[in-house]
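What's in start29.pdb: PDB, C-alpha atoms (C1' of nucleotides)
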```
ATOM      1  CA  MET K   1      12.500   3.487 -10.067  1.00  0.00           C
ATOM      2  CA  GLU K   2      12.103   1.220  -7.058  1.00  0.00           C
ATOM      3  CA  LEU K   3      12.496   1.289  -3.324  1.00  0.00           C
ATOM      4  CA  GLY K   4      15.658   0.240  -1.511  1.00  0.00           C
ATOM      5  CA  ASN K   5      16.293  -0.143   2.205  1.00  0.00           C
ATOM      6  CA  ASN K   6      18.927  -0.824   4.856  1.00  0.00           C
ATOM      7  CA  LEU K   7      16.856  -3.043   7.080  1.00  0.00           C
ATOM      8  CA  LYS K   8      19.169  -6.017   7.204  1.00  0.00           C
ATOM      9  CA  LYS K   9      22.131  -3.896   8.256  1.00  0.00           C
ATOM     10  CA  LEU K  10      20.079  -1.832  10.684  1.00  0.00           C
ATOM     11  CA  ARG K  11      18.743  -4.927  12.418  1.00  0.00           C
ATOM     12  CA  PHE K  12      22.287  -6.191  12.729  1.00  0.00           C
ATOM     13  CA  ASP K  13      23.534  -2.903  14.177  1.00  0.00           C
ATOM     14  CA  HIS K  14      20.550  -2.734  16.476  1.00  0.00           C
ATOM     15  CA  ASP K  15      21.517  -5.597  18.765  1.00  0.00           C
ATOM     16  CA  ASN K  16      21.023  -8.091  15.956  1.00  0.00           C
ATOM     17  CA  ILE K  17      17.279  -7.904  16.486  1.00  0.00           C
ATOM     18  CA  SER K  18      15.273 -10.580  14.637  1.00  0.00           C
ATOM     19  CA  GLN K  19      12.723  -9.992  11.881  1.00  0.00           C
ATOM     20  CA  GLN K  20      10.111 -11.251  14.332  1.00  0.00           C
ATOM     21  CA  ALA K  21      11.113  -8.766  17.039  1.00  0.00           C
ATOM     22  CA  LEU K  22      11.030  -5.878  14.573  1.00  0.00           C
ATOM     23  CA  ALA K  23       7.669  -7.076  13.287  1.00  0.00           C
ATOM     24  CA  ASN K  24       6.303  -7.127  16.843  1.00  0.00           C
ATOM     25  CA  ALA K  25       7.699  -3.673  17.557  1.00  0.00           C
ATOM     26  CA  VAL K  26       5.923  -2.086  14.618  1.00  0.00           C
ATOM     27  CA  GLY K  27       2.795  -4.235  14.651  1.00  0.00           C
ATOM     28  CA  VAL K  28       3.058  -6.376  11.539  1.00  0.00           C
ATOM     29  CA  THR K  29       3.919 -10.003  10.834  1.00  0.00           C
ATOM     30  CA  ARG K  30       7.372 -11.429  10.289  1.00  0.00           C
ATOM     31  CA  LEU K  31       6.530 -12.114   6.660  1.00  0.00           C
ATOM     32  CA  THR K  32       5.835  -8.437   6.078  1.00  0.00           C
ATOM     33  CA  ILE K  33       9.271  -7.468   7.394  1.00  0.00           C
ATOM     34  CA  HIS K  34      10.848 -10.249   5.386  1.00  0.00           C
ATOM     35  CA  SER K  35       9.116  -9.131   2.205  1.00  0.00           C
ATOM     36  CA  ILE K  36      10.069  -5.491   2.673  1.00  0.00           C
ATOM     37  CA  GLU K  37      13.647  -6.434   3.482  1.00  0.00           C
ATOM     38  CA  ASN K  38      13.932  -8.471   0.295  1.00  0.00           C
ATOM     39  CA  GLY K  39      12.382  -5.800  -1.902  1.00  0.00           C
ATOM     40  CA  LYS K  40       9.129  -7.646  -2.526  1.00  0.00           C
ATOM     41  CA  PHE K  41       6.923  -5.071  -0.803  1.00  0.00           C
ATOM     42  CA  ASN K  42       6.849  -1.315  -1.158  1.00  0.00           C
ATOM     43  CA  PRO K  43       5.493  -0.675   2.348  1.00  0.00           C
ATOM     44  CA  SER K  44       2.946   1.928   3.327  1.00  0.00           C
ATOM     45  CA  THR K  45       4.315   5.272   4.441  1.00  0.00           C
ATOM     46  CA  LEU K  46       2.879   4.799   7.920  1.00  0.00           C
ATOM     47  CA  LEU K  47       4.682   1.494   8.352  1.00  0.00           C
ATOM     48  CA  ALA K  48       7.924   2.896   6.953  1.00  0.00           C
ATOM     49  CA  LEU K  49       7.699   5.780   9.421  1.00  0.00           C
ATOM     50  CA  LYS K  50       7.104   3.368  12.305  1.00  0.00           C
ATOM     51  CA  ILE K  51      10.135   1.313  11.307  1.00  0.00           C
ATOM     52  CA  SER K  52      12.292   4.442  10.976  1.00  0.00           C
ATOM     53  CA  ARG K  53      11.110   5.705  14.335  1.00  0.00           C
ATOM     54  CA  PHE K  54      11.950   2.325  15.880  1.00  0.00           C
ATOM     55  CA  PHE K  55      15.560   2.689  14.730  1.00  0.00           C
ATOM     56  CA  GLY K  56      15.655   6.355  15.739  1.00  0.00           C
ATOM     57  CA  LEU K  57      16.385   7.395  12.178  1.00  0.00           C
ATOM     58  CA  SER K  58      14.779   9.517   9.508  1.00  0.00           C
ATOM     59  CA  LEU K  59      12.826   7.627   6.869  1.00  0.00           C
ATOM     60  CA  GLU K  60      15.410   8.507   4.240  1.00  0.00           C
ATOM     61  CA  GLU K  61      18.100   6.842   6.344  1.00  0.00           C
ATOM     62  CA  VAL K  62      16.178   3.578   6.128  1.00  0.00           C
ATOM     63  CA  PHE K  63      14.378   3.752   2.759  1.00  0.00           C
ATOM     64  CA  PHE K  64      15.506   5.363  -0.474  1.00  0.00           C
ATOM     65  CA  ILE K  65      14.694   5.559  -4.143  1.00  0.00           C
ATOM     66  CA  VAL K  66      16.846   3.462  -6.445  1.00  0.00           C
ATOM     67  CA  ASP K  67      16.722   4.950  -9.910  1.00  0.00           C
ATOM     68  CA  ASP K  68      17.121   2.216 -12.496  1.00  0.00           C
TER      69      ASP K  68
ATOM     70  CA  MET I   1      -2.015   6.064  14.842  1.00  0.00           C
ATOM     71  CA  GLU I   2      -2.583   7.361  11.347  1.00  0.00           C
ATOM     72  CA  LEU I   3      -0.811   9.306   8.639  1.00  0.00           C
ATOM     73  CA  GLY I   4      -1.048  13.084   8.295  1.00  0.00           C
ATOM     74  CA  ASN I   5       0.308  15.316   5.531  1.00  0.00           C
ATOM     75  CA  ASN I   6       0.801  18.913   4.426  1.00  0.00           C
ATOM     76  CA  LEU I   7      -0.021  18.434   0.784  1.00  0.00           C
ATOM     77  CA  LYS I   8      -2.707  21.053   0.505  1.00  0.00           C
ATOM     78  CA  LYS I   9      -0.489  23.769   1.990  1.00  0.00           C
ATOM     79  CA  LEU I  10       2.554  22.630   0.025  1.00  0.00           C
ATOM     80  CA  ARG I  11       0.669  22.762  -3.259  1.00  0.00           C
ATOM     81  CA  PHE I  12      -0.461  26.269  -2.389  1.00  0.00           C
ATOM     82  CA  ASP I  13       3.072  27.381  -1.506  1.00  0.00           C
ATOM     83  CA  HIS I  14       4.415  25.722  -4.617  1.00  0.00           C
ATOM     84  CA  ASP I  15       2.856  28.086  -7.147  1.00  0.00           C
ATOM     85  CA  ASN I  16      -0.620  26.864  -6.251  1.00  0.00           C
ATOM     86  CA  ILE I  17      -0.037  23.762  -8.357  1.00  0.00           C
ATOM     87  CA  SER I  18      -3.168  21.691  -9.008  1.00  0.00           C
ATOM     88  CA  GLN I  19      -3.797  18.121  -7.839  1.00  0.00           C
ATOM     89  CA  GLN I  20      -3.659  17.109 -11.490  1.00  0.00           C
ATOM     90  CA  ALA I  21      -0.258  18.727 -12.038  1.00  0.00           C
ATOM     91  CA  LEU I  22       1.169  17.071  -8.945  1.00  0.00           C
ATOM     92  CA  ALA I  23      -0.319  13.752 -10.037  1.00  0.00           C
ATOM     93  CA  ASN I  24       1.325  14.094 -13.450  1.00  0.00           C
ATOM     94  CA  ALA I  25       4.653  15.021 -11.880  1.00  0.00           C
ATOM     95  CA  VAL I  26       4.789  11.892  -9.744  1.00  0.00           C
ATOM     96  CA  GLY I  27       3.049   9.525 -12.154  1.00  0.00           C
ATOM     97  CA  VAL I  28      -0.303   8.801 -10.528  1.00  0.00           C
ATOM     98  CA  THR I  29      -3.881   9.919 -11.142  1.00  0.00           C
ATOM     99  CA  ARG I  30      -5.535  12.993  -9.697  1.00  0.00           C
ATOM    100  CA  LEU I  31      -7.791  10.811  -7.576  1.00  0.00           C
ATOM    101  CA  THR I  32      -4.774   9.259  -5.900  1.00  0.00           C
ATOM    102  CA  ILE I  33      -3.457  12.679  -4.882  1.00  0.00           C
ATOM    103  CA  HIS I  34      -6.897  13.727  -3.756  1.00  0.00           C
ATOM    104  CA  SER I  35      -7.300  10.600  -1.647  1.00  0.00           C
ATOM    105  CA  ILE I  36      -3.900  10.971  -0.009  1.00  0.00           C
ATOM    106  CA  GLU I  37      -4.527  14.640   0.633  1.00  0.00           C
ATOM    107  CA  ASN I  38      -7.800  13.879   2.376  1.00  0.00           C
ATOM    108  CA  GLY I  39      -6.410  11.056   4.484  1.00  0.00           C
ATOM    109  CA  LYS I  40      -8.180   8.265   2.641  1.00  0.00           C
ATOM    110  CA  PHE I  41      -4.990   6.614   1.386  1.00  0.00           C
ATOM    111  CA  ASN I  42      -1.823   5.695   3.232  1.00  0.00           C
ATOM    112  CA  PRO I  43       0.417   5.887   0.163  1.00  0.00           C
ATOM    113  CA  SER I  44       3.312   3.620  -0.666  1.00  0.00           C
ATOM    114  CA  THR I  45       6.729   4.730   0.556  1.00  0.00           C
ATOM    115  CA  LEU I  46       7.969   5.061  -3.002  1.00  0.00           C
ATOM    116  CA  LEU I  47       5.156   7.415  -3.930  1.00  0.00           C
ATOM    117  CA  ALA I  48       5.590   9.426  -0.732  1.00  0.00           C
ATOM    118  CA  LEU I  49       9.301   9.785  -1.506  1.00  0.00           C
ATOM    119  CA  LYS I  50       8.519  10.927  -5.056  1.00  0.00           C
ATOM    120  CA  ILE I  51       6.088  13.544  -3.751  1.00  0.00           C
ATOM    121  CA  SER I  52       8.603  14.758  -1.155  1.00  0.00           C
ATOM    122  CA  ARG I  53      11.327  14.942  -3.767  1.00  0.00           C
ATOM    123  CA  PHE I  54       9.009  16.948  -6.017  1.00  0.00           C
ATOM    124  CA  PHE I  55       8.631  19.578  -3.292  1.00  0.00           C
ATOM    125  CA  GLY I  56      12.341  19.433  -2.456  1.00  0.00           C
ATOM    126  CA  LEU I  57      11.591  18.369   1.098  1.00  0.00           C
ATOM    127  CA  SER I  58      12.304  15.419   3.333  1.00  0.00           C
ATOM    128  CA  LEU I  59       9.517  12.883   3.641  1.00  0.00           C
ATOM    129  CA  GLU I  60       8.958  13.895   7.261  1.00  0.00           C
ATOM    130  CA  GLU I  61       8.317  17.469   6.177  1.00  0.00           C
ATOM    131  CA  VAL I  62       5.423  16.263   4.030  1.00  0.00           C
ATOM    132  CA  PHE I  63       4.102  13.187   5.871  1.00  0.00           C
ATOM    133  CA  PHE I  64       3.973  12.489   9.597  1.00  0.00           C
ATOM    134  CA  ILE I  65       2.489  10.145  12.143  1.00  0.00           C
ATOM    135  CA  VAL I  66      -0.544  11.425  14.011  1.00  0.00           C
ATOM    136  CA  ASP I  67      -0.835   9.573  17.296  1.00  0.00           C
ATOM    137  CA  ASP I  68      -4.484   9.273  18.274  1.00  0.00           C
TER     138      ASP I  68
ATOM    139  C1'  DA C   1      24.976 -34.273  17.188  1.00  0.00           C
ATOM    140  C1'  DT C   2      20.816 -32.380  18.347  1.00  0.00           C
ATOM    141  C1'  DA C   3      17.759 -28.990  19.888  1.00  0.00           C
ATOM    142  C1'  DT C   4      16.497 -24.225  19.155  1.00  0.00           C
ATOM    143  C1'  DT C   5      15.976 -19.963  16.920  1.00  0.00           C
ATOM    144  C1'  DA C   6      16.083 -17.233  12.739  1.00  0.00           C
ATOM    145  C1'  DT C   7      15.323 -16.955   7.973  1.00  0.00           C
ATOM    146  C1'  DG C   8      13.521 -18.318   3.449  1.00  0.00           C
ATOM    147  C1'  DC C   9       9.779 -19.623   0.766  1.00  0.00           C
ATOM    148  C1'  DA C  10       4.946 -21.284  -0.926  1.00  0.00           C
ATOM    149  C1'  DT C  11      -0.099 -20.946  -1.066  1.00  0.00           C
ATOM    150  C1'  DA C  12      -4.168 -18.759  -0.269  1.00  0.00           C
ATOM    151  C1'  DG C  13      -7.151 -15.234   1.537  1.00  0.00           C
ATOM    152  C1'  DT C  14      -8.503 -10.215   2.889  1.00  0.00           C
ATOM    153  C1'  DT C  15      -7.895  -5.406   2.716  1.00  0.00           C
ATOM    154  C1'  DT C  16      -6.588  -1.338   0.603  1.00  0.00           C
ATOM    155  C1'  DA C  17      -3.886   1.393  -2.758  1.00  0.00           C
ATOM    156  C1'  DC C  18      -4.476   2.837  -7.185  1.00  0.00           C
ATOM    157  C1'  DT C  19      -6.835   3.236 -11.960  1.00  0.00           C
ATOM    158  C1'  DA C  20     -10.630   4.562 -15.064  1.00  0.00           C
ATOM    159  C1'  DT C  21     -14.605   7.032 -15.842  1.00  0.00           C
ATOM    160  C1'  DA C  22     -18.043  10.202 -15.111  1.00  0.00           C
ATOM    161  C1'  DC C  23     -20.828  13.521 -12.851  1.00  0.00           C
ATOM    162  C1'  DT C  24     -21.442  17.449  -9.480  1.00  0.00           C
ATOM    163  C1'  DT C  25     -19.931  21.374  -6.972  1.00  0.00           C
ATOM    164  C1'  DT C  26     -16.871  24.976  -5.913  1.00  0.00           C
ATOM    165  C1'  DT C  27     -13.584  28.485  -7.140  1.00  0.00           C
ATOM    166  C1'  DC C  28     -11.888  31.939  -9.958  1.00  0.00           C
ATOM    167  C1'  DC C  29     -11.417  34.924 -13.893  1.00  0.00           C
ATOM    168  C1'  DT C  30     -13.273  38.343 -17.140  1.00  0.00           C
TER     169       DT C  30
ATOM    170  C1'  DA L   1     -23.405  36.641 -14.678  1.00  0.00           C
ATOM    171  C1'  DG L   2     -21.212  33.164 -17.296  1.00  0.00           C
ATOM    172  C1'  DG L   3     -17.610  30.036 -18.444  1.00  0.00           C
ATOM    173  C1'  DA L   4     -13.522  27.460 -17.391  1.00  0.00           C
ATOM    174  C1'  DA L   5     -10.638  25.111 -14.341  1.00  0.00           C
ATOM    175  C1'  DA L   6     -10.070  22.780 -10.042  1.00  0.00           C
ATOM    176  C1'  DA L   7     -11.748  20.020  -6.524  1.00  0.00           C
ATOM    177  C1'  DG L   8     -15.134  16.807  -4.472  1.00  0.00           C
ATOM    178  C1'  DT L   9     -17.579  12.507  -4.788  1.00  0.00           C
ATOM    179  C1'  DA L  10     -19.385   7.847  -6.543  1.00  0.00           C
ATOM    180  C1'  DT L  11     -18.903   3.238  -8.612  1.00  0.00           C
ATOM    181  C1'  DA L  12     -16.441  -0.443 -10.139  1.00  0.00           C
ATOM    182  C1'  DG L  13     -12.333  -2.883 -11.361  1.00  0.00           C
ATOM    183  C1'  DT L  14      -7.200  -4.442 -10.798  1.00  0.00           C
ATOM    184  C1'  DA L  15      -2.879  -4.809  -8.409  1.00  0.00           C
ATOM    185  C1'  DA L  16      -0.367  -5.104  -4.495  1.00  0.00           C
ATOM    186  C1'  DA L  17       0.206  -4.825   0.687  1.00  0.00           C
ATOM    187  C1'  DC L  18      -0.489  -7.506   4.476  1.00  0.00           C
ATOM    188  C1'  DT L  19      -2.223 -11.737   7.219  1.00  0.00           C
ATOM    189  C1'  DA L  20      -2.286 -16.692   8.381  1.00  0.00           C
ATOM    190  C1'  DT L  21      -0.349 -20.984   8.206  1.00  0.00           C
ATOM    191  C1'  DG L  22       2.942 -24.351   7.407  1.00  0.00           C
ATOM    192  C1'  DC L  23       7.157 -26.379   6.095  1.00  0.00           C
ATOM    193  C1'  DA L  24      12.221 -26.329   4.667  1.00  0.00           C
ATOM    194  C1'  DT L  25      16.742 -24.668   5.333  1.00  0.00           C
ATOM    195  C1'  DA L  26      20.379 -22.227   7.746  1.00  0.00           C
ATOM    196  C1'  DA L  27      22.635 -20.643  11.652  1.00  0.00           C
ATOM    197  C1'  DT L  28      23.778 -20.890  16.721  1.00  0.00           C
ATOM    198  C1'  DA L  29      24.289 -22.861  20.981  1.00  0.00           C
ATOM    199  C1'  DT L  30      24.624 -26.556  24.345  1.00  0.00           C
TER     200       DT L  30
END
```

Could the structure of this file be written out as C-alpha coordinates, please?
Amino acid sequence: MELGNNLKKLRFDHDNISQQALANAVGVTRLTIHSIENGKFNPSTLLALKISRFFGLSLEEVFFIVDD
Amino acid sequence: MELGNNLKKLRFDHDNISQQALANAVGVTRLTIHSIENGKFNPSTLLALKISRFFGLSLEEVFFIVDD
DNA sequence: ATATTATGCATAGTTTACTATACTTTTCCT
DNA sequence: AGGAAAAGTATAGTAAACTATGCATAATAT
(Lines of atoms letter the chains of each structure in order from A and count residues from 1; the text may use other names and numbers.)
(Lines give C-alpha, C1' and ligand atoms only; values in the text may rest on other atoms or scores of the structure.)
Protein backbone atom coordinates (compact mmCIF):
# COMPACT_ATOMS: atom_id res chain seq x y z
CA MET A 1 0.00 0.00 0.00
CA GLU A 2 1.85 3.04 -1.29
CA LEU A 3 1.16 6.39 -2.86
CA GLY A 4 1.10 7.00 -6.60
CA ASN A 5 0.79 10.26 -8.51
CA ASN A 6 0.39 11.82 -11.94
CA LEU A 7 2.73 14.73 -11.46
CA LYS A 8 4.97 14.14 -14.44
CA LYS A 9 2.03 13.98 -16.83
CA LEU A 10 0.25 16.90 -15.19
CA ARG A 11 3.31 19.12 -15.46
CA PHE A 12 3.56 18.20 -19.11
CA ASP A 13 -0.10 18.97 -19.76
CA HIS A 14 0.18 22.17 -17.79
CA ASP A 15 2.35 24.08 -20.24
CA ASN A 16 5.26 21.74 -19.59
CA ILE A 17 5.96 23.56 -16.35
CA SER A 18 9.30 22.65 -14.71
CA GLN A 19 9.77 20.96 -11.34
CA GLN A 20 11.31 24.23 -10.16
CA ALA A 21 8.30 26.30 -11.24
CA LEU A 22 5.90 23.91 -9.51
CA ALA A 23 8.09 23.95 -6.42
CA ASN A 24 7.99 27.76 -6.38
CA ALA A 25 4.23 27.79 -6.87
CA VAL A 26 3.58 25.62 -3.84
CA GLY A 27 6.43 26.85 -1.66
CA VAL A 28 8.85 23.93 -1.49
CA THR A 29 12.19 23.12 -3.08
CA ARG A 30 12.74 21.44 -6.42
CA LEU A 31 14.12 18.38 -4.67
CA THR A 32 10.86 17.93 -2.79
CA ILE A 33 8.87 17.90 -6.03
CA HIS A 34 11.41 15.57 -7.59
CA SER A 35 11.23 13.17 -4.66
CA ILE A 36 7.43 13.13 -4.61
CA GLU A 37 7.30 12.65 -8.37
CA ASN A 38 9.62 9.65 -8.16
CA GLY A 39 7.77 8.04 -5.27
CA LYS A 40 10.46 8.69 -2.68
CA PHE A 41 8.33 10.98 -0.52
CA ASN A 42 4.80 10.52 0.75
CA PRO A 43 4.05 14.25 1.00
CA SER A 44 2.08 15.97 3.72
CA THR A 45 -1.63 16.39 3.09
CA LEU A 46 -1.29 20.16 3.09
CA LEU A 47 1.35 20.06 0.37
CA ALA A 48 -0.63 17.54 -1.67
CA LEU A 49 -3.68 19.81 -1.45
CA LYS A 50 -1.62 22.81 -2.56
CA ILE A 51 -0.29 20.89 -5.55
CA SER A 52 -3.79 19.68 -6.48
CA ARG A 53 -5.17 23.19 -6.16
CA PHE A 54 -2.37 24.47 -8.40
CA PHE A 55 -3.48 22.10 -11.16
CA GLY A 56 -7.15 22.86 -10.51
CA LEU A 57 -7.84 19.23 -9.70
CA SER A 58 -9.08 17.22 -6.76
CA LEU A 59 -6.40 15.53 -4.68
CA GLU A 60 -7.54 12.12 -5.88
CA GLU A 61 -6.94 13.20 -9.47
CA VAL A 62 -3.29 13.81 -8.62
CA PHE A 63 -2.52 11.30 -5.84
CA PHE A 64 -3.90 7.81 -5.32
CA ILE A 65 -3.37 4.67 -3.32
CA VAL A 66 -1.60 1.84 -5.11
CA ASP A 67 -2.51 -1.41 -3.42
CA ASP A 68 0.37 -3.86 -3.72
CA MET B 1 -2.21 28.32 5.58
CA GLU B 2 -2.82 25.20 7.61
CA LEU B 3 -4.75 21.97 7.48
CA GLY B 4 -8.26 21.58 8.90
CA ASN B 5 -10.36 18.42 9.24
CA ASN B 6 -13.77 17.07 10.20
CA LEU B 7 -12.59 13.98 12.00
CA LYS B 8 -14.37 14.57 15.26
CA LYS B 9 -17.74 15.06 13.57
CA LEU B 10 -17.16 12.18 11.15
CA ARG B 11 -16.34 9.78 13.96
CA PHE B 12 -19.53 10.85 15.71
CA ASP B 13 -21.62 10.38 12.56
CA HIS B 14 -19.95 7.06 11.90
CA ASP B 15 -21.46 5.16 14.82
CA ASN B 16 -19.52 7.28 17.30
CA ILE B 17 -16.41 5.23 16.57
CA SER B 18 -13.53 5.82 19.00
CA GLN B 19 -10.12 7.28 18.15
CA GLN B 20 -8.68 3.87 18.93
CA ALA B 21 -11.02 2.08 16.53
CA LEU B 22 -10.24 4.53 13.74
CA ALA B 23 -6.53 4.17 14.48
CA ASN B 24 -6.80 0.39 14.23
CA ALA B 25 -8.76 0.63 10.99
CA VAL B 26 -6.10 2.70 9.26
CA GLY B 27 -3.06 1.17 10.93
CA VAL B 28 -1.73 3.91 13.20
CA THR B 29 -1.79 4.56 16.94
CA ARG B 30 -4.51 6.37 18.84
CA LEU B 31 -2.14 9.25 19.53
CA THR B 32 -1.66 9.80 15.82
CA ILE B 33 -5.42 10.14 15.29
CA HIS B 34 -5.69 12.38 18.31
CA SER B 35 -2.89 14.62 17.07
CA ILE B 36 -4.35 14.92 13.59
CA GLU B 37 -7.79 15.60 15.00
CA ASN B 38 -6.46 18.42 17.15
CA GLY B 39 -4.41 20.01 14.39
CA LYS B 40 -1.03 19.03 15.78
CA PHE B 41 -0.10 16.79 12.85
CA ASN B 42 -0.29 17.42 9.12
CA PRO B 43 -0.62 13.75 8.18
CA SER B 44 0.92 12.04 5.20
CA THR B 45 -1.19 11.92 2.04
CA LEU B 46 -1.33 8.15 2.20
CA LEU B 47 -2.73 8.18 5.71
CA ALA B 48 -5.21 10.93 4.85
CA LEU B 49 -6.39 8.88 1.88
CA LYS B 50 -6.79 5.79 4.08
CA ILE B 51 -8.85 7.77 6.59
CA SER B 52 -11.02 9.25 3.83
CA ARG B 53 -11.53 5.84 2.29
CA PHE B 54 -12.54 4.48 5.70
CA PHE B 55 -15.34 7.05 5.90
CA GLY B 56 -16.27 6.52 2.25
CA LEU B 57 -15.56 10.14 1.44
CA SER B 58 -13.23 12.10 -0.79
CA LEU B 59 -10.13 13.48 0.88
CA GLU B 60 -11.46 17.02 0.48
CA GLU B 61 -14.56 16.09 2.45
CA VAL B 62 -12.37 15.16 5.41
CA PHE B 63 -9.34 17.48 5.10
CA PHE B 64 -9.16 21.03 3.78
CA ILE B 65 -6.89 24.03 3.60
CA VAL B 66 -7.60 26.80 6.08
CA ASP B 67 -6.21 30.05 4.72
CA ASP B 68 -5.12 32.27 7.59
C1' DA C 1 29.11 22.54 -31.13
C1' DT C 2 28.20 25.03 -27.22
C1' DA C 3 25.53 27.42 -24.00
C1' DT C 4 21.40 26.99 -21.25
C1' DT C 5 17.77 24.91 -18.81
C1' DA C 6 15.71 20.86 -16.74
C1' DT C 7 16.31 16.67 -14.40
C1' DG C 8 18.71 13.14 -11.68
C1' DC C 9 21.29 12.02 -7.81
C1' DA C 10 24.35 12.23 -3.39
C1' DT C 11 25.35 13.88 1.28
C1' DA C 12 24.19 15.98 5.31
C1' DG C 13 21.33 18.59 8.41
C1' DT C 14 16.69 20.12 10.64
C1' DT C 15 11.96 19.55 11.54
C1' DT C 16 8.03 16.95 12.24
C1' DA C 17 5.19 12.74 11.71
C1' DC C 18 4.58 8.76 14.12
C1' DT C 19 5.47 5.12 17.93
C1' DA C 20 5.61 3.52 22.74
C1' DT C 21 4.38 4.11 27.29
C1' DA C 22 2.13 5.88 31.05
C1' DC C 23 -0.65 8.85 33.77
C1' DT C 24 -4.72 12.06 34.35
C1' DT C 25 -9.21 13.70 33.30
C1' DT C 26 -13.59 13.45 31.24
C1' DT C 27 -17.62 11.00 29.71
C1' DC C 28 -20.96 7.62 30.11
C1' DC C 29 -23.39 3.66 31.85
C1' DT C 30 -25.73 1.15 35.58
C1' DA D 1 -21.84 7.12 43.38
C1' DG D 2 -18.71 4.04 41.27
C1' DG D 3 -16.49 1.81 37.50
C1' DA D 4 -15.22 1.45 32.74
C1' DA D 5 -14.14 3.36 28.46
C1' DA D 6 -12.66 7.27 25.86
C1' DA D 7 -10.08 11.26 25.41
C1' DG D 8 -6.42 14.51 26.84
C1' DT D 9 -1.64 15.26 27.90
C1' DA D 10 3.53 14.46 28.75
C1' DT D 11 8.10 12.54 27.67
C1' DA D 12 11.20 10.39 24.89
C1' DG D 13 12.65 7.88 20.90
C1' DT D 14 12.74 6.65 15.65
C1' DA D 15 11.65 7.36 10.87
C1' DA D 16 10.74 10.13 7.24
C1' DA D 17 9.61 14.75 5.10
C1' DC D 18 11.82 18.65 3.70
C1' DT D 19 15.93 22.00 3.12
C1' DA D 20 20.52 23.30 1.36
C1' DT D 21 24.16 22.63 -1.56
C1' DG D 22 26.64 20.85 -5.23
C1' DC D 23 27.68 18.20 -9.17
C1' DA D 24 26.53 15.07 -13.24
C1' DT D 25 23.69 14.01 -17.04
C1' DA D 26 20.08 14.87 -20.40
C1' DA D 27 17.45 17.65 -23.25
C1' DT D 28 16.68 21.99 -26.02
C1' DA D 29 17.84 25.87 -28.46
C1' DT D 30 20.82 29.04 -30.94

Chain and number of each residue from the PyMOL selection byres ((chain K) within 9 of (chain C)), as an NGL selection string: :K and (18-20 or 34)

On this structure, which residues satisfy the PyMOL selection byres ((chain K) within 12 of (chain I)), written as JSON, numbers by chain? {"K": [1, 2, 3, 4, 5, 26, 27, 36, 39, 41, 42, 43, 44, 45, 46, 47, 48, 49, 50, 51, 52, 53, 57, 58, 59, 60, 61, 62, 63, 64, 65, 66, 67]}

Taking only C-alpha atoms (C1' of nucleotides) into account, name the residue in I:Asp13, I:Leu31, I:Asn24, I:Asn6 that is nearest to chain L.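 With only C-alpha atoms (C1' of nucleotides) as the atom set, the closest residue is I:Leu31.
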
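For the residues I:His14, I:Lys40, I:Arg30, I:Lys9, ranking by smallest atom-to-atom distance to L:DA6 using only C-alpha atoms (C1' of nucleotides) places I:Arg30 first.
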
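Any residue of chain L with an atom within 10 Å of chain I counts; using all atoms listed in the file, that gives DA5, DA6, DA7, DG8 and DA17 of chain L.
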
Would you mind reading off the distance between atom C1' of L:DC18 and atom CA of K:Phe12, one decimal, in Å? 24.3 Å
